[in-house]
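Below: the structure, in structure tokens.
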Amino acid sequence: MMRALRKLELTLAILKPDVVAQPHILKEIRSVILQQEFLFVRSKKLILSPTRAKEFYKEHDGKFFLNRLVSFMSSGPIWTHILARENAIPEWRRIMGPTKVLKTIHEAPETIRGRFGLTDTRNCTHGSDSTETAAREIKFFFPEFSIGKWHDTEETHFFSRQVSLDEDLCQHVSLQDVSDAIS
Ligand code: UDP
Ligand code: MG
């Protein structure tokens, strides 16, 4: 049997410690995410240990900025989100803007990094850069989550926007589940 065509894509977004430390910026970035029609599939707030941060960024082993990046990423709470949308992976990276904030503030000032980034390291957000990376990164933070199962069971509610936002959890939940919980 052919697998049903996937309409929505999932990506892993991180709101980094610079953002989480500034509640009004956190709020503004969340509202940009919603305006751009992303849906919050799962969300977690946590503090990364330096060891876990190093593991997450292992592709950057040996780079000059790795130590700085690891100490920044483990310096305070972060929010991690599984986001859903059509073309979520490239679209999330597009609204984040280019990595290097000190250039981005001039070249793409309307992007998240252009608006709120502080330095090339403290650049607000992370976004997966490919389907393979998204799968690895979603698993890294949400080991209990199955991408395949989500597409089979939840995607249809998200695609037809039969979901509502639980603001406390920062998660969209299927309206079906909401009415089951009430009745
Ligand atoms: N980074 C840095 N200095 C650099 C390049 C990257 O501190 O010159 C940090 C920055 O926080 C960036 C992260 O390392 O977001 C990962 O780098 P990557 O090249 O993967 O950029 P991204 O995918 O986040 O745009
Ligand atoms: Mg990257």
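Simple scheme: letters A, B, ... for chains in structure tokens order, numbers from 1 for residues in each chain, numbers from 1 for ligands in the order shown.
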Taking the chain letters and numbering used in this document, name the residues of stretch 57-162 of chain A that DSSP puts in strand (DSSP E), as a PyMOL selection string.
chain A and resi 78-85+125-127
If you take only C-alpha atoms and all ligand atoms and a cut-off of 8 Å, which residues of chain A touch ligand 1, and what are their nearest atom pairs and distances in Å to one decimal, in chain and number order, as a tab-separated table?
residue	atom	partner	partner_atom_place_in_ligand_line	distance
A:Tyr57	CA	ligand 1	16 (C)	7.2
A:His60	CA	ligand 1	17 (O)	7.3
A:Phe64	CA	ligand 1	8 (O)	7.8
A:Phe65	CA	ligand 1	7 (O)	5.0
A:Leu66	CA	ligand 1	14 (O)	7.0
A:Arg68	CA	ligand 1	7 (O)	6.5
A:Leu69	CA	ligand 1	7 (O)	5.3
A:Arg93	CA	ligand 1	25 (O)	7.6
A:Gly97	CA	ligand 1	25 (O)	7.9
A:Pro98	CA	ligand 1	25 (O)	6.0
A:Thr99	CA	ligand 1	25 (O)	3.9
A:Lys100	CA	ligand 1	5 (C)	6.4
A:Thr119	CA	ligand 1	7 (O)	7.7
A:Asp120	CA	ligand 1	3 (N)	4.9
A:Thr121	CA	ligand 1	7 (O)	3.2
A:Arg122	CA	ligand 1	11 (O)	5.6
A:Asn123	CA	ligand 1	11 (O)	5.5
A:Cys124	CA	ligand 1	11 (O)	7.8
A:Thr125	CA	ligand 1	15 (O)	6.9
A:His126	CA	ligand 1	24 (O)	5.0
A:Gly127	CA	ligand 1	23 (O)	6.3
A:Ser128	CA	ligand 1	23 (O)	6.9
A:Asp129	CA	ligand 1	23 (O)	6.5
Keeping N, CA, C and O atoms, export the residues of the selection given above as a PDB file, in the first residue's frame.
ATOM      1  N   TYR A  57      25.269  19.783  18.710  1.00  0.00           N
ATOM      2  CA  TYR A  57      26.027  20.507  17.680  1.00  0.00           C
ATOM      3  C   TYR A  57      27.263  19.740  17.225  1.00  0.00           C
ATOM      4  O   TYR A  57      28.248  20.347  16.816  1.00  0.00           O
ATOM      5  N   HIS A  60      29.533  20.512  14.303  1.00  0.00           N
ATOM      6  CA  HIS A  60      30.442  21.667  14.346  1.00  0.00           C
ATOM      7  C   HIS A  60      31.707  21.400  15.158  1.00  0.00           C
ATOM      8  O   HIS A  60      32.453  22.334  15.469  1.00  0.00           O
ATOM      9  N   PHE A  64      35.836  27.025  15.246  1.00  0.00           N
ATOM     10  CA  PHE A  64      36.342  28.023  16.197  1.00  0.00           C
ATOM     11  C   PHE A  64      35.288  28.503  17.195  1.00  0.00           C
ATOM     12  O   PHE A  64      35.598  28.938  18.286  1.00  0.00           O
ATOM     13  N   PHE A  65      34.005  28.423  16.788  1.00  0.00           N
ATOM     14  CA  PHE A  65      32.958  28.980  17.646  1.00  0.00           C
ATOM     15  C   PHE A  65      32.291  27.950  18.549  1.00  0.00           C
ATOM     16  O   PHE A  65      31.392  28.284  19.311  1.00  0.00           O
ATOM     17  N   LEU A  66      32.743  26.676  18.484  1.00  0.00           N
ATOM     18  CA  LEU A  66      32.004  25.624  19.192  1.00  0.00           C
ATOM     19  C   LEU A  66      31.927  25.848  20.709  1.00  0.00           C
ATOM     20  O   LEU A  66      30.847  25.739  21.294  1.00  0.00           O
ATOM     21  N   ARG A  68      32.174  28.582  22.452  1.00  0.00           N
ATOM     22  CA  ARG A  68      31.312  29.737  22.715  1.00  0.00           C
ATOM     23  C   ARG A  68      29.837  29.342  22.553  1.00  0.00           C
ATOM     24  O   ARG A  68      28.976  29.694  23.353  1.00  0.00           O
ATOM     25  N   LEU A  69      29.565  28.592  21.494  1.00  0.00           N
ATOM     26  CA  LEU A  69      28.196  28.157  21.208  1.00  0.00           C
ATOM     27  C   LEU A  69      27.667  27.239  22.310  1.00  0.00           C
ATOM     28  O   LEU A  69      26.544  27.423  22.800  1.00  0.00           O
ATOM     29  N   ARG A  93      13.543  28.524   8.306  1.00  0.00           N
ATOM     30  CA  ARG A  93      14.873  29.121   8.147  1.00  0.00           C
ATOM     31  C   ARG A  93      14.780  30.480   7.435  1.00  0.00           C
ATOM     32  O   ARG A  93      15.550  31.390   7.715  1.00  0.00           O
ATOM     33  N   GLY A  97      16.140  34.042   9.152  1.00  0.00           N
ATOM     34  CA  GLY A  97      17.199  34.827   8.519  1.00  0.00           C
ATOM     35  C   GLY A  97      18.547  34.129   8.628  1.00  0.00           C
ATOM     36  O   GLY A  97      18.691  33.150   9.351  1.00  0.00           O
ATOM     37  N   PRO A  98      19.556  34.673   7.910  1.00  0.00           N
ATOM     38  CA  PRO A  98      20.885  34.057   7.880  1.00  0.00           C
ATOM     39  C   PRO A  98      21.552  34.011   9.256  1.00  0.00           C
ATOM     40  O   PRO A  98      21.278  34.842  10.130  1.00  0.00           O
ATOM     41  N   THR A  99      22.469  33.045   9.400  1.00  0.00           N
ATOM     42  CA  THR A  99      23.136  32.749  10.670  1.00  0.00           C
ATOM     43  C   THR A  99      23.835  33.959  11.297  1.00  0.00           C
ATOM     44  O   THR A  99      23.696  34.217  12.489  1.00  0.00           O
ATOM     45  N   LYS A 100      24.604  34.673  10.469  1.00  0.00           N
ATOM     46  CA  LYS A 100      25.525  35.688  10.998  1.00  0.00           C
ATOM     47  C   LYS A 100      24.823  37.023  11.218  1.00  0.00           C
ATOM     48  O   LYS A 100      24.668  37.833  10.294  1.00  0.00           O
ATOM     49  N   THR A 119      24.468  38.785  18.591  1.00  0.00           N
ATOM     50  CA  THR A 119      25.813  38.525  18.030  1.00  0.00           C
ATOM     51  C   THR A 119      25.694  37.324  17.094  1.00  0.00           C
ATOM     52  O   THR A 119      24.629  36.695  17.009  1.00  0.00           O
ATOM     53  N   ASP A 120      26.796  36.969  16.434  1.00  0.00           N
ATOM     54  CA  ASP A 120      26.770  35.787  15.560  1.00  0.00           C
ATOM     55  C   ASP A 120      26.472  34.506  16.341  1.00  0.00           C
ATOM     56  O   ASP A 120      25.975  33.535  15.772  1.00  0.00           O
ATOM     57  N   THR A 121      26.790  34.492  17.625  1.00  0.00           N
ATOM     58  CA  THR A 121      26.463  33.321  18.455  1.00  0.00           C
ATOM     59  C   THR A 121      25.066  33.460  19.049  1.00  0.00           C
ATOM     60  O   THR A 121      24.245  32.534  18.949  1.00  0.00           O
ATOM     61  N   ARG A 122      24.796  34.599  19.643  1.00  0.00           N
ATOM     62  CA  ARG A 122      23.495  34.816  20.295  1.00  0.00           C
ATOM     63  C   ARG A 122      22.502  35.322  19.246  1.00  0.00           C
ATOM     64  O   ARG A 122      22.158  36.502  19.179  1.00  0.00           O
ATOM     65  N   ASN A 123      22.075  34.363  18.406  1.00  0.00           N
ATOM     66  CA  ASN A 123      21.285  34.713  17.224  1.00  0.00           C
ATOM     67  C   ASN A 123      19.848  34.182  17.274  1.00  0.00           C
ATOM     68  O   ASN A 123      19.263  33.846  16.250  1.00  0.00           O
ATOM     69  N   CYS A 124      19.304  34.101  18.477  1.00  0.00           N
ATOM     70  CA  CYS A 124      17.860  33.907  18.715  1.00  0.00           C
ATOM     71  C   CYS A 124      17.305  32.497  18.538  1.00  0.00           C
ATOM     72  O   CYS A 124      16.554  32.022  19.372  1.00  0.00           O
ATOM     73  N   THR A 125      17.569  31.906  17.380  1.00  0.00           N
ATOM     74  CA  THR A 125      16.800  30.710  17.036  1.00  0.00           C
ATOM     75  C   THR A 125      17.657  29.667  16.329  1.00  0.00           C
ATOM     76  O   THR A 125      18.709  29.970  15.764  1.00  0.00           O
ATOM     77  N   HIS A 126      17.148  28.448  16.347  1.00  0.00           N
ATOM     78  CA  HIS A 126      17.718  27.349  15.566  1.00  0.00           C
ATOM     79  C   HIS A 126      16.621  26.787  14.674  1.00  0.00           C
ATOM     80  O   HIS A 126      15.457  26.766  15.055  1.00  0.00           O
ATOM     81  N   GLY A 127      17.010  26.301  13.519  1.00  0.00           N
ATOM     82  CA  GLY A 127      16.076  25.577  12.649  1.00  0.00           C
ATOM     83  C   GLY A 127      16.793  24.460  11.920  1.00  0.00           C
ATOM     84  O   GLY A 127      17.920  24.645  11.454  1.00  0.00           O
ATOM     85  N   SER A 128      16.148  23.304  11.836  1.00  0.00           N
ATOM     86  CA  SER A 128      16.729  22.169  11.103  1.00  0.00           C
ATOM     87  C   SER A 128      16.970  22.573   9.655  1.00  0.00           C
ATOM     88  O   SER A 128      16.235  23.393   9.099  1.00  0.00           O
ATOM     89  N   ASP A 129      18.023  21.979   9.049  1.00  0.00           N
ATOM     90  CA  ASP A 129      18.355  22.387   7.679  1.00  0.00           C
ATOM     91  C   ASP A 129      18.028  21.358   6.608  1.00  0.00           C
ATOM     92  O   ASP A 129      18.264  21.611   5.421  1.00  0.00           O
TER      93      ASP A 129
END
Excluding A:Val70 and residues on its chain fewer than 6 positions from it, collect all residues at most 10 Å away from it, counting only C-alpha atoms, and give them as a PDB file with N, CA and C atoms, in the first residue's frame.
ATOM      1  N   LEU A  48      19.753  22.852  28.667  1.00  0.00           N
ATOM      2  CA  LEU A  48      20.681  21.868  28.105  1.00  0.00           C
ATOM      3  C   LEU A  48      21.942  21.833  28.954  1.00  0.00           C
ATOM      4  N   SER A  49      22.440  20.648  29.248  1.00  0.00           N
ATOM      5  CA  SER A  49      23.768  20.572  29.866  1.00  0.00           C
ATOM      6  C   SER A  49      24.804  20.836  28.778  1.00  0.00           C
ATOM      7  N   PRO A  50      26.004  21.261  29.163  1.00  0.00           N
ATOM      8  CA  PRO A  50      27.052  21.445  28.152  1.00  0.00           C
ATOM      9  C   PRO A  50      27.293  20.175  27.334  1.00  0.00           C
ATOM     10  N   THR A  51      27.223  19.024  27.982  1.00  0.00           N
ATOM     11  CA  THR A  51      27.433  17.755  27.265  1.00  0.00           C
ATOM     12  C   THR A  51      26.376  17.533  26.189  1.00  0.00           C
ATOM     13  N   ARG A  52      25.127  17.784  26.558  1.00  0.00           N
ATOM     14  CA  ARG A  52      24.035  17.634  25.581  1.00  0.00           C
ATOM     15  C   ARG A  52      24.138  18.683  24.468  1.00  0.00           C
ATOM     16  N   ALA A  53      24.523  19.901  24.821  1.00  0.00           N
ATOM     17  CA  ALA A  53      24.663  20.951  23.802  1.00  0.00           C
ATOM     18  C   ALA A  53      25.744  20.553  22.786  1.00  0.00           C
ATOM     19  N   LYS A  54      26.832  19.985  23.298  1.00  0.00           N
ATOM     20  CA  LYS A  54      27.932  19.542  22.433  1.00  0.00           C
ATOM     21  C   LYS A  54      27.480  18.416  21.521  1.00  0.00           C
ATOM     22  N   GLU A  55      26.688  17.528  22.072  1.00  0.00           N
ATOM     23  CA  GLU A  55      26.141  16.407  21.296  1.00  0.00           C
ATOM     24  C   GLU A  55      25.208  16.932  20.197  1.00  0.00           C
ATOM     25  N   PHE A  56      24.360  17.903  20.552  1.00  0.00           N
ATOM     26  CA  PHE A  56      23.426  18.457  19.571  1.00  0.00           C
ATOM     27  C   PHE A  56      24.173  19.094  18.408  1.00  0.00           C
ATOM     28  N   TYR A  57      25.269  19.783  18.710  1.00  0.00           N
ATOM     29  CA  TYR A  57      26.027  20.507  17.680  1.00  0.00           C
ATOM     30  C   TYR A  57      27.263  19.740  17.225  1.00  0.00           C
ATOM     31  N   THR A 121      26.790  34.492  17.625  1.00  0.00           N
ATOM     32  CA  THR A 121      26.463  33.321  18.455  1.00  0.00           C
ATOM     33  C   THR A 121      25.066  33.460  19.049  1.00  0.00           C
TER      34      THR A 121
END
List the spatial neighbours of stretch 167-176 of chain A as a PyMOL selection string - criterion: any atom at most 8 Å away, only C-alpha atoms, same-chain residues fewer than 6 positions off excluded.
chain A and resi 39-43+154+157-158
Within chain A, find each residue whose DSSP state, derived from the backbone, is alpha helix (DSSP H), and express the selection as number ranges by chain.
A: 17-20, 23-35, 50-56, 66-73, 88-96, 101-107, 112-116, 131-141, 147-153, 155-159, 175-182
Residue nearest A:Leu8 among A:Gln22, A:Ser71, A:Asn87, A:Ser130 (counting only C-alpha atoms):
A:Asn87
What lies within 12 Å of A:Arg115 using only C-alpha atoms, ignoring chain neighbours under 2 positions off, as an MDAnalysis selection string?
chainID A and resid 19 25 28:29 32 95:98 101:113 117:119 123:125
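Reported to one decimal place, the separation of atom CA of A:Trp79 from atom CA of A:Leu15 is 5.1 Å.
A straight line drawn from atom CA of A:Pro17 to atom CA of A:Gly76 is 5.3 Å long.
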